[in-house]
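**Student:** Dropping the structure in here first, questions after.
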Amino acid sequence: MGSETSQPLQSFKIDEPSDTAAAPAKPAPAKPAPPATPGAPNSPAGPRLFNNCWSCRLLSGLGLLGAGGYVYLVARRPMKMGYPPTPGIITQMVIGISIATWGIVIMADPKGKAYRVV
């Protein structure tokens, strides 16, 4: 259980050539080989960061939610003391709400399952 980043890394053995000075360098292949069957799909892209890790999504989402709440409440403090809102304070409040909303999106729909991929 856990994300792919918590799995142990695979080890690869690299063979060293016996005589590197005498052997000429081989040119790299120009194009990768085509798939075995013409209709075969290409390999999928790498997994996303929050793919299957609920604890990672919860921790990240709650952290962003708390940070957004803090930014918003710090912007509200002068208004509670009676100062009129300025464009800077309003911008700070909007940024705080945006950060909190980002946290909710991470917890609720991190992979974009709500959108149909055609």
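Here, A, B, ... name the chains of the structure tokens in the order displayed, residue numbers run from 1 inside each chain, and ligands are numbered from 1 in the same displayed order.
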Give me the residues near A:Leu62 as a JSON list (two decimals) with C-alpha atoms, in the first residue's frame, where near means some atom within 7 Å (using only C-alpha atoms) and where sequence neighbours in that chain fewer than 4 positions away do not count.

**Tutor:**
```json
[["chain", "number", "residue", "atom", "x", "y", "z"],
["A", 58, "LEU", "CA", -5.39, 14.59, 2.89],
["A", 66, "GLY", "CA", -5.12, 25.92, 6.56],
["A", 103, "GLY", "CA", -6.70, 22.41, -1.02]]
```

**Student:** Can you tell me, as a ChimeraX atom specification, what residues are no more than 9 Å from A:Ile90 when counting only C-alpha atoms, ignoring any on the same chain fewer than 4 positions away?

**Tutor:** /A:75-76,85-86,94-95

**Student:** Leaving out A:Gly63 and any residue of its chain fewer than 4 positions from it, which residues lie within 10 Å of it when counting only C-alpha atoms, given as a list in words?

**Tutor:** Arg57, Leu58, Leu59, Ala67, Gly68, Gly69, Ile99, Ala100 and Gly103 of chain A

**Student:** To one decimal in Å, tell me the separation between atom CA of A:Pro84 and atom CA of A:Val71.

**Tutor:** 17.9 Å
